[in-house]
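This is structure_39.cif (mmCIF, N, CA and C atoms).
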```
data_start
#
loop_
_atom_site.label_atom_id
_atom_site.label_comp_id
_atom_site.auth_asym_id
_atom_site.auth_seq_id
_atom_site.Cartn_x
_atom_site.Cartn_y
_atom_site.Cartn_z
N ASP A 34 -41.98 -36.41 -4.26
CA ASP A 34 -43.39 -36.20 -4.01
C ASP A 34 -43.68 -34.77 -3.57
N ALA A 35 -42.84 -34.21 -2.71
CA ALA A 35 -43.09 -32.86 -2.20
C ALA A 35 -43.10 -31.84 -3.32
N VAL A 36 -42.21 -31.98 -4.26
CA VAL A 36 -42.14 -31.01 -5.35
C VAL A 36 -43.38 -31.12 -6.23
N LEU A 37 -43.87 -32.32 -6.44
CA LEU A 37 -45.09 -32.49 -7.23
C LEU A 37 -46.29 -31.86 -6.54
N LYS A 38 -46.31 -31.91 -5.21
CA LYS A 38 -47.43 -31.34 -4.46
C LYS A 38 -47.37 -29.82 -4.42
N LEU A 39 -46.22 -29.24 -4.69
CA LEU A 39 -46.05 -27.80 -4.59
C LEU A 39 -46.15 -27.10 -5.94
N VAL A 40 -47.03 -27.58 -6.80
CA VAL A 40 -47.19 -26.93 -8.10
C VAL A 40 -47.68 -25.51 -7.86
N PRO A 41 -46.92 -24.52 -8.31
CA PRO A 41 -47.37 -23.13 -8.14
C PRO A 41 -48.62 -22.87 -8.98
N ARG A 42 -49.28 -21.79 -8.65
CA ARG A 42 -50.46 -21.40 -9.44
C ARG A 42 -49.95 -20.70 -10.70
N PHE A 43 -49.94 -21.44 -11.79
CA PHE A 43 -49.49 -20.92 -13.06
C PHE A 43 -50.66 -20.19 -13.73
N GLU A 44 -50.40 -18.97 -14.18
CA GLU A 44 -51.43 -18.21 -14.89
C GLU A 44 -50.80 -17.54 -16.09
N GLY A 45 -51.54 -17.45 -17.18
CA GLY A 45 -51.05 -16.79 -18.37
C GLY A 45 -51.15 -17.70 -19.58
N PRO A 46 -50.73 -17.18 -20.74
CA PRO A 46 -50.90 -17.92 -22.00
C PRO A 46 -50.10 -19.22 -22.06
N GLN A 47 -48.99 -19.31 -21.38
CA GLN A 47 -48.17 -20.53 -21.41
C GLN A 47 -48.47 -21.48 -20.25
N SER A 48 -49.43 -21.13 -19.41
CA SER A 48 -49.60 -21.85 -18.16
C SER A 48 -49.87 -23.34 -18.33
N ASP A 49 -50.72 -23.73 -19.28
CA ASP A 49 -51.01 -25.16 -19.44
C ASP A 49 -49.76 -25.94 -19.80
N LYS A 50 -48.97 -25.39 -20.72
CA LYS A 50 -47.73 -26.06 -21.12
C LYS A 50 -46.74 -26.08 -19.97
N ASP A 51 -46.67 -24.99 -19.22
CA ASP A 51 -45.73 -24.93 -18.09
C ASP A 51 -46.13 -25.87 -16.97
N VAL A 52 -47.42 -26.04 -16.72
CA VAL A 52 -47.88 -27.00 -15.71
C VAL A 52 -47.45 -28.40 -16.11
N ALA A 53 -47.65 -28.75 -17.37
CA ALA A 53 -47.26 -30.08 -17.85
C ALA A 53 -45.75 -30.27 -17.73
N LEU A 54 -44.98 -29.24 -18.13
CA LEU A 54 -43.53 -29.32 -18.03
C LEU A 54 -43.09 -29.45 -16.58
N TYR A 55 -43.71 -28.67 -15.68
CA TYR A 55 -43.38 -28.73 -14.26
C TYR A 55 -43.64 -30.14 -13.71
N ARG A 56 -44.81 -30.68 -13.98
CA ARG A 56 -45.15 -32.01 -13.46
C ARG A 56 -44.19 -33.08 -13.99
N GLU A 57 -43.86 -32.99 -15.27
CA GLU A 57 -42.94 -33.96 -15.87
C GLU A 57 -41.56 -33.85 -15.22
N ALA A 58 -41.05 -32.64 -15.10
CA ALA A 58 -39.72 -32.43 -14.51
C ALA A 58 -39.71 -32.82 -13.04
N ALA A 59 -40.75 -32.43 -12.31
CA ALA A 59 -40.82 -32.76 -10.88
C ALA A 59 -40.85 -34.27 -10.67
N GLY A 60 -41.52 -34.97 -11.56
CA GLY A 60 -41.57 -36.43 -11.47
C GLY A 60 -40.23 -37.08 -11.71
N ARG A 61 -39.38 -36.45 -12.49
CA ARG A 61 -38.05 -37.00 -12.78
C ARG A 61 -37.07 -36.83 -11.62
N ILE A 62 -37.27 -35.80 -10.82
CA ILE A 62 -36.31 -35.47 -9.77
C ILE A 62 -36.05 -36.65 -8.84
N GLY A 63 -37.08 -37.35 -8.43
CA GLY A 63 -36.91 -38.44 -7.49
C GLY A 63 -36.89 -39.82 -8.12
N ASP A 64 -36.83 -39.90 -9.43
CA ASP A 64 -36.86 -41.18 -10.14
C ASP A 64 -35.46 -41.77 -10.21
N SER A 65 -35.21 -42.77 -9.41
CA SER A 65 -33.86 -43.35 -9.32
C SER A 65 -33.44 -44.09 -10.59
N THR A 66 -34.37 -44.30 -11.52
CA THR A 66 -34.01 -44.98 -12.77
C THR A 66 -33.45 -44.00 -13.79
N ILE A 67 -33.50 -42.72 -13.48
CA ILE A 67 -33.00 -41.68 -14.38
C ILE A 67 -31.62 -41.23 -13.90
N PRO A 68 -30.66 -41.07 -14.80
CA PRO A 68 -29.32 -40.64 -14.39
C PRO A 68 -29.36 -39.30 -13.63
N VAL A 69 -28.44 -39.15 -12.70
CA VAL A 69 -28.38 -37.97 -11.84
C VAL A 69 -28.33 -36.68 -12.65
N GLU A 70 -27.58 -36.67 -13.74
CA GLU A 70 -27.46 -35.46 -14.55
C GLU A 70 -28.82 -35.01 -15.07
N ARG A 71 -29.63 -35.96 -15.51
CA ARG A 71 -30.97 -35.62 -16.02
C ARG A 71 -31.88 -35.18 -14.89
N ARG A 72 -31.71 -35.78 -13.70
CA ARG A 72 -32.53 -35.35 -12.56
C ARG A 72 -32.16 -33.94 -12.12
N ARG A 73 -30.86 -33.62 -12.17
CA ARG A 73 -30.44 -32.25 -11.84
C ARG A 73 -30.97 -31.25 -12.88
N ALA A 74 -30.99 -31.65 -14.14
CA ALA A 74 -31.57 -30.79 -15.18
C ALA A 74 -33.06 -30.59 -14.93
N ALA A 75 -33.74 -31.64 -14.49
CA ALA A 75 -35.16 -31.53 -14.15
C ALA A 75 -35.35 -30.58 -12.97
N LEU A 76 -34.46 -30.65 -12.00
CA LEU A 76 -34.50 -29.73 -10.86
C LEU A 76 -34.34 -28.29 -11.34
N ASP A 77 -33.42 -28.07 -12.25
CA ASP A 77 -33.22 -26.73 -12.79
C ASP A 77 -34.48 -26.24 -13.50
N THR A 78 -35.15 -27.12 -14.23
CA THR A 78 -36.39 -26.76 -14.92
C THR A 78 -37.45 -26.34 -13.91
N VAL A 79 -37.59 -27.12 -12.85
CA VAL A 79 -38.58 -26.81 -11.81
C VAL A 79 -38.26 -25.47 -11.17
N LYS A 80 -37.00 -25.25 -10.84
CA LYS A 80 -36.60 -23.99 -10.21
C LYS A 80 -36.85 -22.80 -11.13
N ASN A 81 -36.56 -22.97 -12.42
CA ASN A 81 -36.78 -21.88 -13.38
C ASN A 81 -38.26 -21.55 -13.53
N LEU A 82 -39.10 -22.58 -13.61
CA LEU A 82 -40.54 -22.35 -13.71
C LEU A 82 -41.07 -21.69 -12.44
N TRP A 83 -40.60 -22.19 -11.29
CA TRP A 83 -41.03 -21.62 -10.01
C TRP A 83 -40.68 -20.14 -9.97
N SER A 84 -39.45 -19.80 -10.33
CA SER A 84 -39.00 -18.40 -10.31
C SER A 84 -39.80 -17.54 -11.28
N LYS A 85 -40.06 -18.09 -12.46
CA LYS A 85 -40.82 -17.35 -13.48
C LYS A 85 -42.19 -16.95 -12.94
N TYR A 86 -42.89 -17.92 -12.36
CA TYR A 86 -44.24 -17.62 -11.90
C TYR A 86 -44.26 -16.89 -10.57
N GLU A 87 -43.22 -17.00 -9.81
CA GLU A 87 -43.13 -16.21 -8.58
C GLU A 87 -43.04 -14.73 -8.95
N ARG A 88 -42.34 -14.44 -10.05
CA ARG A 88 -42.26 -13.05 -10.53
C ARG A 88 -43.57 -12.61 -11.18
N LEU A 89 -44.19 -13.49 -11.97
CA LEU A 89 -45.41 -13.14 -12.69
C LEU A 89 -46.65 -13.10 -11.80
N ASN A 90 -46.65 -13.89 -10.75
CA ASN A 90 -47.84 -14.04 -9.91
C ASN A 90 -47.46 -13.99 -8.43
N PRO A 91 -46.86 -12.89 -7.97
CA PRO A 91 -46.38 -12.83 -6.59
C PRO A 91 -47.47 -13.02 -5.54
N ASP A 92 -48.70 -12.62 -5.84
CA ASP A 92 -49.79 -12.78 -4.87
C ASP A 92 -50.05 -14.25 -4.55
N ALA A 93 -50.00 -15.11 -5.55
CA ALA A 93 -50.24 -16.54 -5.33
C ALA A 93 -49.16 -17.12 -4.43
N PHE A 94 -47.94 -16.65 -4.60
CA PHE A 94 -46.84 -17.17 -3.78
C PHE A 94 -46.90 -16.62 -2.37
N ALA A 95 -47.35 -15.38 -2.24
CA ALA A 95 -47.53 -14.79 -0.90
C ALA A 95 -48.62 -15.57 -0.16
N ASP A 96 -49.67 -15.98 -0.87
CA ASP A 96 -50.74 -16.77 -0.27
C ASP A 96 -50.20 -18.10 0.24
N ARG A 97 -49.31 -18.74 -0.53
CA ARG A 97 -48.75 -20.04 -0.13
C ARG A 97 -47.89 -19.87 1.11
N ARG A 98 -47.08 -18.81 1.14
CA ARG A 98 -46.22 -18.59 2.31
C ARG A 98 -47.06 -18.28 3.54
N ALA A 99 -48.11 -17.51 3.36
CA ALA A 99 -48.99 -17.17 4.48
C ALA A 99 -49.71 -18.41 5.01
N ALA A 100 -49.99 -19.36 4.12
CA ALA A 100 -50.66 -20.59 4.51
C ALA A 100 -49.71 -21.58 5.16
N GLY A 101 -48.44 -21.21 5.27
CA GLY A 101 -47.47 -22.09 5.90
C GLY A 101 -46.78 -23.04 4.96
N ASP A 102 -47.04 -22.89 3.66
CA ASP A 102 -46.41 -23.76 2.66
C ASP A 102 -44.91 -23.52 2.61
N GLY A 103 -44.51 -22.27 2.78
CA GLY A 103 -43.09 -21.95 2.77
C GLY A 103 -42.47 -21.92 1.39
N GLY A 104 -43.20 -22.27 0.37
CA GLY A 104 -42.65 -22.25 -0.97
C GLY A 104 -41.97 -23.54 -1.34
N MET A 105 -41.18 -23.46 -2.37
CA MET A 105 -40.50 -24.63 -2.91
C MET A 105 -39.40 -25.11 -1.97
N PRO A 106 -39.23 -26.44 -1.84
CA PRO A 106 -38.12 -26.95 -1.04
C PRO A 106 -36.80 -26.45 -1.60
N SER A 107 -35.82 -26.28 -0.75
CA SER A 107 -34.52 -25.79 -1.21
C SER A 107 -33.85 -26.83 -2.12
N SER A 108 -32.92 -26.35 -2.94
CA SER A 108 -32.16 -27.26 -3.80
C SER A 108 -31.43 -28.30 -2.96
N ASP A 109 -30.88 -27.86 -1.82
CA ASP A 109 -30.17 -28.80 -0.94
C ASP A 109 -31.10 -29.89 -0.44
N ALA A 110 -32.33 -29.51 -0.07
CA ALA A 110 -33.29 -30.50 0.42
C ALA A 110 -33.65 -31.50 -0.68
N ILE A 111 -33.83 -30.99 -1.90
CA ILE A 111 -34.17 -31.88 -3.01
C ILE A 111 -33.00 -32.79 -3.34
N GLU A 112 -31.79 -32.25 -3.37
CA GLU A 112 -30.62 -33.08 -3.66
C GLU A 112 -30.39 -34.10 -2.55
N ALA A 113 -30.66 -33.75 -1.30
CA ALA A 113 -30.54 -34.71 -0.20
C ALA A 113 -31.54 -35.85 -0.39
N GLU A 114 -32.74 -35.52 -0.85
CA GLU A 114 -33.74 -36.55 -1.11
C GLU A 114 -33.30 -37.45 -2.26
N ILE A 115 -32.70 -36.88 -3.29
CA ILE A 115 -32.18 -37.70 -4.39
C ILE A 115 -31.12 -38.67 -3.86
N ARG A 116 -30.18 -38.16 -3.06
CA ARG A 116 -29.14 -39.03 -2.48
C ARG A 116 -29.75 -40.11 -1.60
N ARG A 117 -30.76 -39.73 -0.79
CA ARG A 117 -31.40 -40.70 0.10
C ARG A 117 -32.03 -41.83 -0.72
N ARG A 118 -32.66 -41.45 -1.82
CA ARG A 118 -33.32 -42.47 -2.66
C ARG A 118 -32.32 -43.33 -3.39
N GLN A 119 -31.09 -42.84 -3.54
CA GLN A 119 -30.02 -43.62 -4.18
C GLN A 119 -29.33 -44.51 -3.16
N GLY A 120 -29.74 -44.43 -1.92
CA GLY A 120 -29.11 -45.23 -0.87
C GLY A 120 -27.85 -44.60 -0.36
N GLY A 121 -27.77 -43.24 -0.38
CA GLY A 121 -26.64 -42.54 0.19
C GLY A 121 -25.45 -42.38 -0.73
N ARG A 122 -25.58 -42.82 -1.97
CA ARG A 122 -24.46 -42.67 -2.91
C ARG A 122 -24.18 -41.24 -3.24
#
```
Any chance you could give the structure as structure tokens?
Amino acid sequence: DAVLKLVPRFEGPQSDKDVALYREAAGRIGDSTIPVERRRAALDTVKNLWSKYERLNPDAFADRRAAGDGGMPSSDAIEAEIRRRQGGR
């Protein structure tokens, strides 16, 4: 849920497609019905999109950090949430 709520401000010609890809991938991260390998690939997709737009639109990300958002959760935090949802496996 946290990753879905942290959709960066995507701007540019690919933004609509990237928003859709981000939402789809973010939704897979915590879906326990999806194999772990696919959820990790979804995490990589989210991280890549986040990094891309952080470079392209640094002001939007500075605004999020200033607002106390802190940016995207760490990979460790996301993986811990995946494990928690799997029941500690």
Atom pair CA of Leu54 in chain A / CA of Asp92 in chain A: separation (Å):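 We find that CA of Leu54 in chain A and CA of Asp92 in chain A lie 22.0 Å from each other.
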Distance of atom C of Arg72 in chain A from CA of Pro46 in chain A, expressed in Å to one decimal place: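 Those two atoms sit 26.6 Å apart.
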Pairwise distance for CA of Lys85 in chain A and atom N of Glu57 in chain A, rounded to one decimal in Å: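 Atom N of Glu57 in chain A lies 16.0 Å from CA of Lys85 in chain A.
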Long-range neighbours of Thr78 in chain A as number ranges by chain, 9 Å cut-off, only C-alpha atoms, 5 positions minimum in chain: A: 54-55, 58-59, 73, 83
